[in-house]
file input_28.cif (mmCIF, C-alpha atoms)
data_work
loop_
_atom_site.label_atom_id
_atom_site.label_comp_id
_atom_site.auth_asym_id
_atom_site.auth_seq_id
_atom_site.Cartn_x
_atom_site.Cartn_y
_atom_site.Cartn_z
CA MET A 33 159.85 93.93 166.62
CA PHE A 34 158.11 90.65 167.34
CA MET A 35 154.36 90.74 167.25
CA PRO A 36 152.28 87.79 168.48
CA LYS A 37 150.18 86.14 165.76
CA GLU A 38 147.00 85.98 167.85
CA ASN A 39 146.58 89.75 167.85
CA VAL A 40 146.03 89.90 164.03
CA VAL A 41 142.33 89.02 163.79
CA THR A 42 140.73 89.50 160.39
CA SER A 43 136.96 89.33 160.10
CA THR A 44 135.82 87.61 156.86
CA SER A 45 132.24 87.18 155.71
CA ILE A 46 130.80 85.77 152.47
CA ASN A 47 128.92 88.31 150.39
CA ILE A 48 125.60 86.60 149.66
CA ALA A 49 123.95 89.57 147.97
CA PRO A 50 124.60 88.30 144.37
CA LEU A 51 123.24 84.88 145.34
CA MET A 52 120.14 86.56 146.76
CA ASP A 53 119.69 88.45 143.48
CA VAL A 54 119.83 85.25 141.42
CA MET A 55 117.50 83.40 143.79
CA THR A 56 114.99 86.26 143.70
CA ILE A 57 114.92 86.26 139.89
CA ILE A 58 114.50 82.47 139.72
CA LEU A 59 111.77 82.59 142.36
CA ILE A 60 109.79 85.29 140.51
CA PHE A 61 110.11 83.41 137.19
CA LEU A 62 108.93 80.15 138.74
CA LEU A 63 106.05 81.78 140.60
CA VAL A 64 104.79 83.47 137.41
CA ASN A 65 105.16 80.21 135.44
CA PHE A 66 103.35 78.34 138.21
CA SER A 67 100.41 80.75 138.19
CA VAL A 68 99.76 80.52 134.41
CA GLN A 69 99.59 76.73 134.21
CA ASP A 70 96.25 75.91 132.58
CA SER A 71 95.82 72.41 133.77
CA SER A 72 97.42 69.70 135.81
CA TYR A 73 97.63 67.23 132.90
CA ASP A 74 101.01 65.70 132.39
CA ALA A 75 102.17 63.30 129.68
CA PRO A 76 103.67 60.01 130.86
CA LYS A 77 107.38 59.72 130.00
CA GLU A 78 106.99 56.91 127.46
CA LEU A 79 104.20 58.74 125.60
CA ARG A 80 105.11 60.94 122.63
CA LEU A 81 102.27 63.21 121.57
CA PRO A 82 101.85 64.27 117.92
CA VAL A 83 103.08 67.73 116.98
CA SER A 84 100.41 70.28 116.06
CA SER A 85 99.99 74.01 115.68
CA SER A 86 96.85 74.01 117.83
CA LEU A 87 96.69 76.68 120.51
CA SER A 88 93.54 75.54 122.33
CA PRO A 89 94.33 74.84 125.99
CA PRO A 90 93.14 71.62 127.67
CA ARG A 91 90.09 71.78 129.95
CA ASP A 92 89.22 69.64 132.92
CA SER A 93 87.59 66.46 131.71
CA ILE A 94 87.79 62.68 131.86
CA HIS A 95 91.36 61.66 131.13
CA LEU A 96 92.29 58.75 128.82
CA ILE A 97 95.85 57.70 128.02
CA LEU A 98 96.71 55.22 125.26
CA SER A 99 100.33 54.09 125.30
CA LYS A 100 101.93 51.23 123.34
CA LYS A 101 101.17 48.82 126.20
CA GLU A 102 97.90 49.81 127.85
CA LEU A 103 94.89 52.09 128.04
CA LEU A 104 94.42 54.10 131.21
CA LEU A 105 91.35 55.91 132.50
CA GLY A 106 92.83 58.45 134.89
CA SER A 107 95.46 56.34 136.62
CA THR A 108 93.59 53.02 136.32
CA VAL A 109 94.53 50.51 133.64
CA VAL A 110 91.34 49.53 131.79
CA ALA A 111 92.69 47.63 128.76
CA HIS A 112 95.90 46.08 127.50
CA LEU A 113 97.64 45.94 124.14
CA SER A 114 99.79 43.25 122.62
CA GLY A 115 101.46 44.15 119.36
CA GLN A 116 99.18 46.87 118.09
CA GLU A 117 95.87 45.34 119.11
CA PHE A 118 93.74 45.26 122.24
CA TRP A 119 93.51 41.94 124.04
CA PRO A 120 90.59 40.07 122.38
CA GLU A 121 89.11 39.06 125.78
CA GLU A 122 88.59 42.76 126.58
CA LEU A 123 86.59 43.42 123.39
CA ASN A 124 83.02 42.53 122.48
CA ASP A 125 81.90 41.37 119.02
CA ALA A 126 81.60 44.95 117.74
CA GLY A 127 85.18 45.79 118.82
CA ILE A 128 84.03 47.88 121.79
CA ILE A 129 86.40 47.89 124.79
CA GLN A 130 84.17 46.43 127.52
CA PRO A 131 86.07 47.49 130.70
CA LEU A 132 86.35 51.05 129.39
CA MET A 133 82.67 51.22 128.50
CA SER A 134 81.51 50.03 131.92
CA ARG A 135 83.76 52.53 133.71
CA LEU A 136 82.73 55.42 131.46
CA ARG A 137 79.05 54.58 131.96
CA GLU A 138 79.70 54.59 135.70
CA SER A 139 81.31 58.05 135.39
CA ALA A 140 78.35 59.26 133.32
CA LYS A 141 75.92 57.96 135.94
CA GLN A 142 77.87 59.69 138.71
CA ALA A 143 77.89 62.94 136.71
CA ARG A 144 74.09 62.69 136.29
CA GLU A 145 73.57 62.03 139.97
CA ALA A 146 75.88 64.92 140.87
CA GLY A 147 73.44 67.40 139.40
CA GLY A 148 73.50 67.73 135.62
CA SER A 149 70.61 66.38 133.60
CA ALA A 150 71.29 63.66 131.04
CA ALA A 151 71.03 66.12 128.18
CA GLU A 152 73.44 68.73 129.46
CA GLY A 153 75.80 66.54 131.42
CA VAL A 154 76.91 63.38 129.70
CA GLY A 155 76.71 64.18 125.99
CA ARG A 156 78.64 67.43 126.32
CA SER A 157 81.29 66.28 128.75
CA PRO A 158 84.55 65.94 126.79
CA VAL A 159 87.18 63.24 127.07
CA PHE A 160 90.79 64.39 127.17
CA PHE A 161 92.63 61.75 125.14
CA GLN A 162 96.41 61.38 125.09
CA ALA A 163 97.77 58.82 122.63
CA HIS A 164 101.22 57.92 121.35
CA GLU A 165 101.90 59.51 117.95
CA GLU A 166 103.05 56.26 116.29
CA LEU A 167 99.97 54.19 117.12
CA PRO A 168 97.68 53.26 114.22
CA PHE A 169 94.55 55.40 114.08
CA GLY A 170 92.36 52.28 114.15
CA LEU A 171 93.23 51.83 117.84
CA LEU A 172 92.28 55.40 118.63
CA GLY A 173 89.08 54.88 116.65
CA GLN A 174 88.19 51.91 118.86
CA VAL A 175 88.69 53.98 122.02
CA MET A 176 86.70 56.91 120.60
CA ARG A 177 83.85 54.64 119.46
CA THR A 178 83.72 53.11 122.95
CA ALA A 179 83.59 56.60 124.49
CA ALA A 180 80.82 57.62 122.07
CA MET A 181 78.81 54.48 122.91
CA SER A 182 79.13 55.42 126.61
CA GLY A 183 77.76 58.91 125.96
CA PHE A 184 80.99 60.87 125.52
CA ARG A 185 80.97 62.19 121.95
CA ASP A 186 83.36 65.14 122.33
CA ILE A 187 87.00 64.11 122.26
CA HIS A 188 89.90 66.44 122.97
CA LEU A 189 92.98 64.96 121.32
CA ALA A 190 96.09 66.01 123.22
CA VAL A 191 98.87 67.39 121.04
CA PHE A 192 102.20 69.07 121.59
CA ASN A 193 102.74 72.53 120.19
CA PRO A 194 106.48 73.30 120.17
CA ASP A 195 105.81 77.02 119.71
CA THR A 196 104.05 77.51 123.07
CA MET B 36 129.05 125.33 166.98
CA PHE B 37 129.93 121.97 165.57
CA LYS B 38 131.20 119.61 168.14
CA ARG B 39 133.43 116.70 167.24
CA GLY B 40 132.24 113.30 168.42
CA SER B 41 128.58 114.20 168.08
CA LYS B 42 125.87 111.64 167.11
CA TRP B 43 126.92 111.76 163.40
CA SER B 44 130.11 109.98 164.15
CA GLU B 45 128.37 107.39 166.27
CA ILE B 46 126.50 105.63 163.40
CA LYS B 47 126.81 101.88 163.78
CA GLN B 48 126.93 99.54 160.81
CA VAL B 49 123.88 97.25 161.02
CA GLU B 50 123.78 94.05 158.93
CA THR B 51 120.53 92.37 157.96
CA ASP B 52 120.42 88.69 158.78
CA LEU B 53 119.76 87.09 155.40
CA ILE B 54 119.99 83.50 156.59
CA PRO B 55 116.21 82.94 157.18
CA ILE B 56 115.25 84.31 153.77
CA MET B 57 117.98 82.19 152.16
CA ASN B 58 116.50 79.14 153.89
CA LEU B 59 113.07 80.02 152.52
CA PHE B 60 114.42 80.48 149.00
CA THR B 61 116.33 77.20 149.17
CA ALA B 62 113.11 75.39 150.05
CA LEU B 63 110.85 77.24 147.55
CA VAL B 64 113.08 77.13 144.46
CA PRO B 65 113.47 73.30 144.27
CA PHE B 66 109.74 72.85 144.99
CA LEU B 67 108.71 75.22 142.19
CA LEU B 68 111.30 73.76 139.81
CA VAL B 69 109.91 70.26 140.33
CA SER B 70 106.26 71.28 139.98
CA ALA B 71 106.65 73.73 137.08
CA ALA B 72 105.34 72.59 133.69
CA PHE B 73 107.83 73.35 130.98
CA TYR B 74 105.90 71.14 128.55
CA LYS B 75 102.58 72.65 127.49
CA MET B 76 99.84 70.63 125.88
CA SER B 77 97.15 71.78 123.46
CA ILE B 78 94.06 70.04 122.17
CA ILE B 79 92.32 69.32 118.89
CA ASP B 80 88.58 69.18 119.42
CA VAL B 81 86.88 66.38 117.46
CA SER B 82 83.51 64.71 117.75
CA ILE B 83 82.01 61.32 117.03
CA PRO B 84 78.70 61.40 115.13
CA SER B 85 75.55 59.97 116.62
CA VAL B 86 74.20 57.01 114.75
CA GLY B 87 70.70 56.65 113.31
CA GLU B 88 68.07 58.23 111.13
CA ASP B 89 67.77 61.44 113.20
CA ALA B 90 71.47 62.12 112.80
CA LYS B 91 71.25 61.60 109.04
CA ILE B 92 68.35 64.04 108.71
CA LYS B 93 70.23 66.61 110.83
CA LEU B 94 73.36 66.21 108.70
CA GLU B 95 71.40 66.75 105.48
CA LYS B 96 69.90 70.01 106.76
CA GLU B 97 73.30 71.51 107.55
CA GLU B 98 75.66 73.41 105.26
CA PRO B 99 77.65 71.34 102.73
CA TYR B 100 80.48 69.56 104.48
CA LEU B 101 83.88 68.33 103.40
CA ALA B 102 84.28 64.54 103.38
CA ILE B 103 87.82 63.19 103.52
CA ASP B 104 88.80 59.54 103.20
CA PHE B 105 92.41 59.01 104.20
CA PHE B 106 93.73 55.71 102.83
CA ALA B 107 97.30 54.40 103.04
CA ASP B 108 98.12 55.55 99.48
CA GLU B 109 95.46 58.10 98.60
CA ILE B 110 93.32 60.89 100.02
CA SER B 111 89.83 61.01 98.55
CA LEU B 112 88.03 64.36 98.82
CA GLU B 113 84.43 65.39 98.23
CA VAL B 114 81.96 68.09 99.23
CA VAL B 115 78.61 66.67 100.32
CA GLY B 116 75.36 68.61 100.64
CA VAL B 117 71.74 68.50 99.53
CA SER B 118 71.94 71.98 98.01
CA LEU B 119 74.90 71.07 95.79
CA GLU B 120 74.43 70.78 92.01
CA ALA B 121 75.86 67.81 90.09
CA ALA B 122 78.46 69.99 88.36
CA GLU B 123 79.61 71.42 91.70
CA ASN B 124 79.74 67.96 93.18
CA ASN B 125 81.92 66.68 90.33
CA PHE B 126 84.19 69.72 90.47
CA PHE B 127 85.03 69.19 94.14
CA LYS B 128 85.62 65.44 93.80
CA ARG B 129 89.39 65.02 93.96
CA LYS B 130 92.05 62.46 94.78
CA ILE B 131 95.52 63.15 96.10
CA GLU B 132 98.00 60.36 95.46
CA GLY B 133 101.75 59.89 95.46
CA PHE B 134 102.47 58.56 98.95
CA GLN B 135 102.66 55.16 100.67
CA GLY B 136 101.68 53.85 104.10
CA GLY B 137 99.91 57.07 105.05
CA VAL B 138 103.23 58.94 105.21
CA LEU B 139 102.53 62.39 103.80
CA SER B 140 105.16 64.45 101.97
CA SER B 141 105.15 68.25 102.04
CA ASP B 142 103.97 68.20 98.42
CA VAL B 143 100.89 66.14 99.35
CA LEU B 144 100.17 68.40 102.32
CA ASP B 145 100.44 71.48 100.08
CA LYS B 146 97.96 69.99 97.59
CA PHE B 147 95.59 69.17 100.46
CA GLU B 148 95.84 72.70 101.86
CA ASP B 149 95.14 74.22 98.43
CA TYR B 150 92.00 72.08 98.18
CA VAL B 151 90.83 73.00 101.69
CA LEU B 152 91.29 76.71 100.91
CA LEU B 153 89.36 76.30 97.65
CA VAL B 154 86.43 74.63 99.43
CA LYS B 155 86.46 77.21 102.22
CA ALA B 156 86.47 80.04 99.68
CA HIS B 157 83.47 78.51 97.92
CA PHE B 158 81.48 77.45 100.99
CA LYS B 159 82.30 80.14 103.56
CA ALA B 160 79.63 79.08 106.04
CA SER B 161 80.67 75.44 106.02
CA GLU B 162 82.38 74.47 109.26
CA MET B 163 82.18 70.70 109.27
CA ALA B 164 84.70 68.21 107.92
CA VAL B 165 84.06 64.48 108.18
CA LEU B 166 87.30 62.52 108.35
CA ARG B 167 87.45 58.77 107.78
CA VAL B 168 90.84 57.18 108.30
CA GLY B 169 92.37 53.82 107.41
CA GLU B 170 93.03 51.62 110.43
CA LYS B 171 96.79 51.35 109.89
CA ILE B 172 97.48 55.06 109.30
CA PRO B 173 99.82 56.47 111.99
CA TYR B 174 98.05 58.90 114.33
CA LYS B 175 100.62 61.68 113.81
CA ASN B 176 99.82 61.83 110.08
CA VAL B 177 96.12 62.20 110.81
CA VAL B 178 96.98 65.16 113.06
CA PHE B 179 98.81 66.80 110.10
CA LEU B 180 95.54 66.71 108.12
CA MET B 181 93.52 67.96 111.11
CA ASP B 182 95.95 70.87 111.50
CA ILE B 183 95.43 71.91 107.89
CA LEU B 184 91.66 71.48 108.20
CA ARG B 185 91.54 73.69 111.29
CA GLY B 186 94.20 76.18 110.10
CA GLN B 187 93.81 79.84 110.94
CA LEU B 188 91.85 82.35 108.92
CA VAL B 189 92.08 86.03 109.72
CA THR B 190 88.65 87.53 109.01
CA ASN B 191 87.98 91.17 109.98
CA GLY B 192 90.98 91.08 112.28
CA GLU B 193 89.73 88.00 114.12
CA ASN B 194 91.35 84.59 114.09
CA GLN B 195 88.97 81.86 112.96
CA LEU B 196 89.35 78.16 112.33
CA ARG B 197 88.74 76.98 108.75
CA PHE B 198 86.74 73.92 109.76
CA SER B 199 86.03 74.13 113.46
CA ASN B 200 83.91 70.98 113.60
CA ILE B 201 85.98 67.89 112.75
CA VAL B 202 83.90 64.73 112.88
CA ILE B 203 85.60 61.35 112.98
CA GLY B 204 83.69 58.88 110.79
CA GLU B 205 83.94 55.11 110.92
CA SER B 206 87.30 53.51 110.13
CA LEU B 207 88.10 52.50 106.53
#
call {"tool": "encode", "arguments": {"input": "input_28.cif", "output": "structure tokens"}}
result
Amino acid sequence: MFMPKENVVTSTSINIAPLMDVMTIILIFLLVNFSVQDSSYDAPKELRLPVSSSLSPPRDSIHLILSKKELLLGSTVVAHLSGQEFWPEELNDAGIIQPLMSRLRESAKQAREAGGSAAEGVGRSPVFFQAHEELPFGLLGQVMRTAAMSGFRDIHLAVFNPDT
Amino acid sequence: MFKRGSKWSEIKQVETDLIPIMNLFTALVPFLLVSAAFYKMSIIDVSIPSVGEDAKIKLEKEEPYLAIDFFADEISLEVVGVSLEAAENNFFKRKIEGFQGGVLSSDVLDKFEDYVLLVKAHFKASEMAVLRVGEKIPYKNVVFLMDILRGQLVTNGENQLRFSNIVIGESL
């Protein structure tokens, strides 16, 4: 017997329950990971940090980045490199990086004015220093000496611990 | 008496509308994926000494400290302190050689670690190591030495650093 096609209506619906399960697991993992992040520091893509077994987490502090091309204070370029040396016009006779020193002294002054006394504020405030692993240590020494001359004697060298 | 067609047979199938929650998940998951840090950084805490007579006097009053000079082809080691006798001073004066361009082999690192453990065993209260590094030495190799200097000692069930105070001296 002939039966018209239109009368056979089948209701189909996609089962999204498994997708919901997966999404829920991913969401929980990401939320937990998000909540345990210690700091907002991020390494620039071209910067390779040295490998270390250190477990000490970074703390909020003044942020210096030394790549193969330039030195940054936060996101501001304060000195340039050609080859593996700072531009001579940015250095004084003692090898101190002038633009960095003036900016760090400005930061120190601001920190003093913000409340801390000279003794407790500037000298104890650390500098978080990220530098490319292949750079000669003399360059890092120049940056650290400049920071010390500006009142920042504690340096936190950023390293990458593959076990964490 | 049980009556057919009662309220038991009238249960309707109700479906939850999952579309809004799916929309929320689709927005949240990419946001969290982008902002999540899968690359964790650590720090090595070092300090730069203050210059001048006061600093020298302060240094002399402290416990004996380990002085390391890292050249391109040699590591020179010494324990410095006012309370040290000449014989002790001579005993702890060492040189580690057998590498070029500051590139350290595992053998050199082992010798350095043995020395650090020897000094730490002898001067338990000493926490300072003064590190002077050649200008051309690659940074990553200096970090290898710092790692060994800091190390991890388990004392009375507590993790402690061997030399917690690493001071960077002037360049060589």
call {"tool": "resolve_selection", "arguments": {"input": "input_28.cif", "expression": "the PyMOL selection byres ((chain B) within 10 of (chain A))", "output": "ChimeraX atom specification"}}
result
/B:53-54,56-57,60-61,63-68,70-86,167-183,185-187,202-207
call {"tool": "atom_distance", "arguments": {"input": "input_28.cif", "atom1": "atom CA of A:Glu145", "atom2": "atom CA of A:Pro131"}}
result
21.3 Å
call {"tool": "closest_residue", "arguments": {"input": "input_28.cif", "among": "A:Leu98, A:Ala111, A:Ser182, A:Leu104", "to": "A:Ser134", "atoms": "all atoms listed in the file"}}
result
A:Ser182
call {"tool": "residues_around", "arguments": {"input": "input_28.cif", "residues": "stretch 145-153 of chain B", "least_positions_apart": "2", "cutoff": "8 Å", "atoms": "only C-alpha atoms", "output": "list in words"}}
result
Ile131, Ser141, Asp142, Val143, Lys155, Ala156, His157, Ile183 and Leu184 of chain B
call {"tool": "resolve_selection", "arguments": {"input": "input_28.cif", "expression": "the PyMOL selection byres ((chain B and resi 161) around 8)", "output": "PDB file with C-alpha atoms, in the coordinates of the input"}}
result
ATOM      1  CA  GLU B  98      75.660  73.410 105.260  1.00  0.00           C
ATOM      2  CA  PRO B  99      77.650  71.340 102.730  1.00  0.00           C
ATOM      3  CA  TYR B 100      80.480  69.560 104.480  1.00  0.00           C
ATOM      4  CA  LYS B 155      86.460  77.210 102.220  1.00  0.00           C
ATOM      5  CA  PHE B 158      81.480  77.450 100.990  1.00  0.00           C
ATOM      6  CA  LYS B 159      82.300  80.140 103.560  1.00  0.00           C
ATOM      7  CA  ALA B 160      79.630  79.080 106.040  1.00  0.00           C
ATOM      8  CA  GLU B 162      82.380  74.470 109.260  1.00  0.00           C
ATOM      9  CA  MET B 163      82.180  70.700 109.270  1.00  0.00           C
ATOM     10  CA  PHE B 198      86.740  73.920 109.760  1.00  0.00           C
TER      11      PHE B 198
END
call {"tool": "residues_around", "arguments": {"input": "input_28.cif", "residues": "A:Lys101", "least_positions_apart": "6", "cutoff": "10 Å", "atoms": "all atoms listed in the file", "output": "PDB file with C-alpha atoms, in the coordinates of the input"}}
result
ATOM      1  CA  ALA A 111      92.690  47.630 128.760  1.00  0.00           C
ATOM      2  CA  HIS A 112      95.900  46.080 127.500  1.00  0.00           C
ATOM      3  CA  LEU A 113      97.640  45.940 124.140  1.00  0.00           C
ATOM      4  CA  SER A 114      99.790  43.250 122.620  1.00  0.00           C
ATOM      5  CA  GLY A 115     101.460  44.150 119.360  1.00  0.00           C
ATOM      6  CA  GLN A 116      99.180  46.870 118.090  1.00  0.00           C
ATOM      7  CA  GLU A 117      95.870  45.340 119.110  1.00  0.00           C
ATOM      8  CA  PHE A 118      93.740  45.260 122.240  1.00  0.00           C
TER       9      PHE A 118
END
call {"tool": "resolve_selection", "arguments": {"input": "input_28.cif", "expression": "the PyMOL selection byres ((chain B and resi 136) around 7)", "output": "PyMOL selection string"}}
result
chain B and resi 107-108+135+137-138+172
call {"tool": "axis_aligned_box", "arguments": {"input": "input_28.cif", "around": "stretch 153-158 of chain B", "padding_each_side": "6 Å", "output": "JSON"}}
result
{"center_x": 85.4, "center_y": 77.3, "center_z": 99.9, "size_x": 19.9, "size_y": 17.4, "size_z": 16.6}
call {"tool": "atom_distance", "arguments": {"input": "input_28.cif", "atom1": "atom CA of A:Glu121", "atom2": "atom CA of A:Ile97"}}
result
19.9 Å
call {"tool": "atom_distance", "arguments": {"input": "input_28.cif", "atom1": "atom CA of A:Leu96", "atom2": "atom CA of A:Leu136"}}
result
10.5 Å
call {"tool": "build_atoms", "arguments": {"input": "input_28.cif", "residues": "stretch 167-193 of chain A", "atoms": "N, CA and C atoms", "output": "PDB file, in the coordinates of the input"}}
result
ATOM      1  N   LEU A 167     101.011  55.233 117.111  1.00  0.00           N
ATOM      2  CA  LEU A 167      99.970  54.190 117.120  1.00  0.00           C
ATOM      3  C   LEU A 167      99.084  54.312 115.881  1.00  0.00           C
ATOM      4  N   PRO A 168      98.598  53.171 115.359  1.00  0.00           N
ATOM      5  CA  PRO A 168      97.680  53.260 114.220  1.00  0.00           C
ATOM      6  C   PRO A 168      96.356  53.886 114.631  1.00  0.00           C
ATOM      7  N   PHE A 169      95.764  54.656 113.727  1.00  0.00           N
ATOM      8  CA  PHE A 169      94.550  55.400 114.080  1.00  0.00           C
ATOM      9  C   PHE A 169      93.366  54.473 114.375  1.00  0.00           C
ATOM     10  N   GLY A 170      93.423  53.240 113.868  1.00  0.00           N
ATOM     11  CA  GLY A 170      92.360  52.280 114.150  1.00  0.00           C
ATOM     12  C   GLY A 170      92.181  52.044 115.649  1.00  0.00           C
ATOM     13  N   LEU A 171      93.302  52.023 116.382  1.00  0.00           N
ATOM     14  CA  LEU A 171      93.230  51.830 117.840  1.00  0.00           C
ATOM     15  C   LEU A 171      92.545  53.016 118.509  1.00  0.00           C
ATOM     16  N   LEU A 172      92.913  54.201 118.065  1.00  0.00           N
ATOM     17  CA  LEU A 172      92.280  55.400 118.630  1.00  0.00           C
ATOM     18  C   LEU A 172      90.792  55.414 118.300  1.00  0.00           C
ATOM     19  N   GLY A 173      90.485  54.956 117.070  1.00  0.00           N
ATOM     20  CA  GLY A 173      89.080  54.880 116.650  1.00  0.00           C
ATOM     21  C   GLY A 173      88.281  53.979 117.568  1.00  0.00           C
ATOM     22  N   GLN A 174      88.886  52.840 117.958  1.00  0.00           N
ATOM     23  CA  GLN A 174      88.190  51.910 118.860  1.00  0.00           C
ATOM     24  C   GLN A 174      87.889  52.570 120.204  1.00  0.00           C
ATOM     25  N   VAL A 175      88.870  53.300 120.727  1.00  0.00           N
ATOM     26  CA  VAL A 175      88.690  53.980 122.020  1.00  0.00           C
ATOM     27  C   VAL A 175      87.610  55.062 121.890  1.00  0.00           C
ATOM     28  N   MET A 176      87.666  55.813 120.786  1.00  0.00           N
ATOM     29  CA  MET A 176      86.700  56.910 120.600  1.00  0.00           C
ATOM     30  C   MET A 176      85.281  56.373 120.391  1.00  0.00           C
ATOM     31  N   ARG A 177      85.182  55.254 119.660  1.00  0.00           N
ATOM     32  CA  ARG A 177      83.850  54.640 119.460  1.00  0.00           C
ATOM     33  C   ARG A 177      83.282  54.173 120.799  1.00  0.00           C
ATOM     34  N   THR A 178      84.165  53.582 121.624  1.00  0.00           N
ATOM     35  CA  THR A 178      83.720  53.110 122.950  1.00  0.00           C
ATOM     36  C   THR A 178      83.227  54.299 123.787  1.00  0.00           C
ATOM     37  N   ALA A 179      83.989  55.403 123.728  1.00  0.00           N
ATOM     38  CA  ALA A 179      83.590  56.600 124.490  1.00  0.00           C
ATOM     39  C   ALA A 179      82.253  57.128 123.986  1.00  0.00           C
ATOM     40  N   ALA A 180      82.080  57.129 122.655  1.00  0.00           N
ATOM     41  CA  ALA A 180      80.820  57.620 122.070  1.00  0.00           C
ATOM     42  C   ALA A 180      79.649  56.742 122.492  1.00  0.00           C
ATOM     43  N   MET A 181      79.878  55.418 122.502  1.00  0.00           N
ATOM     44  CA  MET A 181      78.810  54.480 122.910  1.00  0.00           C
ATOM     45  C   MET A 181      78.447  54.675 124.388  1.00  0.00           C
ATOM     46  N   SER A 182      79.389  55.197 125.175  1.00  0.00           N
ATOM     47  CA  SER A 182      79.130  55.420 126.610  1.00  0.00           C
ATOM     48  C   SER A 182      78.558  56.814 126.865  1.00  0.00           C
ATOM     49  N   GLY A 183      78.381  57.589 125.814  1.00  0.00           N
ATOM     50  CA  GLY A 183      77.760  58.910 125.960  1.00  0.00           C
ATOM     51  C   GLY A 183      78.734  60.072 125.881  1.00  0.00           C
ATOM     52  N   PHE A 184      79.999  59.793 125.596  1.00  0.00           N
ATOM     53  CA  PHE A 184      80.990  60.870 125.520  1.00  0.00           C
ATOM     54  C   PHE A 184      81.390  61.056 124.054  1.00  0.00           C
ATOM     55  N   ARG A 185      80.771  62.025 123.383  1.00  0.00           N
ATOM     56  CA  ARG A 185      80.970  62.190 121.950  1.00  0.00           C
ATOM     57  C   ARG A 185      82.029  63.260 121.612  1.00  0.00           C
ATOM     58  N   ASP A 186      82.331  64.114 122.574  1.00  0.00           N
ATOM     59  CA  ASP A 186      83.360  65.140 122.330  1.00  0.00           C
ATOM     60  C   ASP A 186      84.702  64.638 122.825  1.00  0.00           C
ATOM     61  N   ILE A 187      85.669  64.601 121.905  1.00  0.00           N
ATOM     62  CA  ILE A 187      87.000  64.110 122.260  1.00  0.00           C
ATOM     63  C   ILE A 187      88.000  65.246 122.067  1.00  0.00           C
ATOM     64  N   HIS A 188      88.814  65.459 123.083  1.00  0.00           N
ATOM     65  CA  HIS A 188      89.900  66.440 122.970  1.00  0.00           C
ATOM     66  C   HIS A 188      91.212  65.679 122.804  1.00  0.00           C
ATOM     67  N   LEU A 189      91.726  65.679 121.586  1.00  0.00           N
ATOM     68  CA  LEU A 189      92.980  64.960 121.320  1.00  0.00           C
ATOM     69  C   LEU A 189      94.149  65.819 121.803  1.00  0.00           C
ATOM     70  N   ALA A 190      94.954  65.249 122.670  1.00  0.00           N
ATOM     71  CA  ALA A 190      96.090  66.010 123.220  1.00  0.00           C
ATOM     72  C   ALA A 190      97.224  66.041 122.203  1.00  0.00           C
ATOM     73  N   VAL A 191      97.753  67.216 121.964  1.00  0.00           N
ATOM     74  CA  VAL A 191      98.870  67.390 121.040  1.00  0.00           C
ATOM     75  C   VAL A 191      99.927  68.286 121.683  1.00  0.00           C
ATOM     76  N   PHE A 192     101.103  68.261 121.067  1.00  0.00           N
ATOM     77  CA  PHE A 192     102.200  69.070 121.590  1.00  0.00           C
ATOM     78  C   PHE A 192     102.511  70.174 120.589  1.00  0.00           C
ATOM     79  N   ASN A 193     102.421  71.403 121.055  1.00  0.00           N
ATOM     80  CA  ASN A 193     102.740  72.530 120.190  1.00  0.00           C
ATOM     81  C   ASN A 193     104.101  73.081 120.598  1.00  0.00           C
TER      82      ASN A 193
END
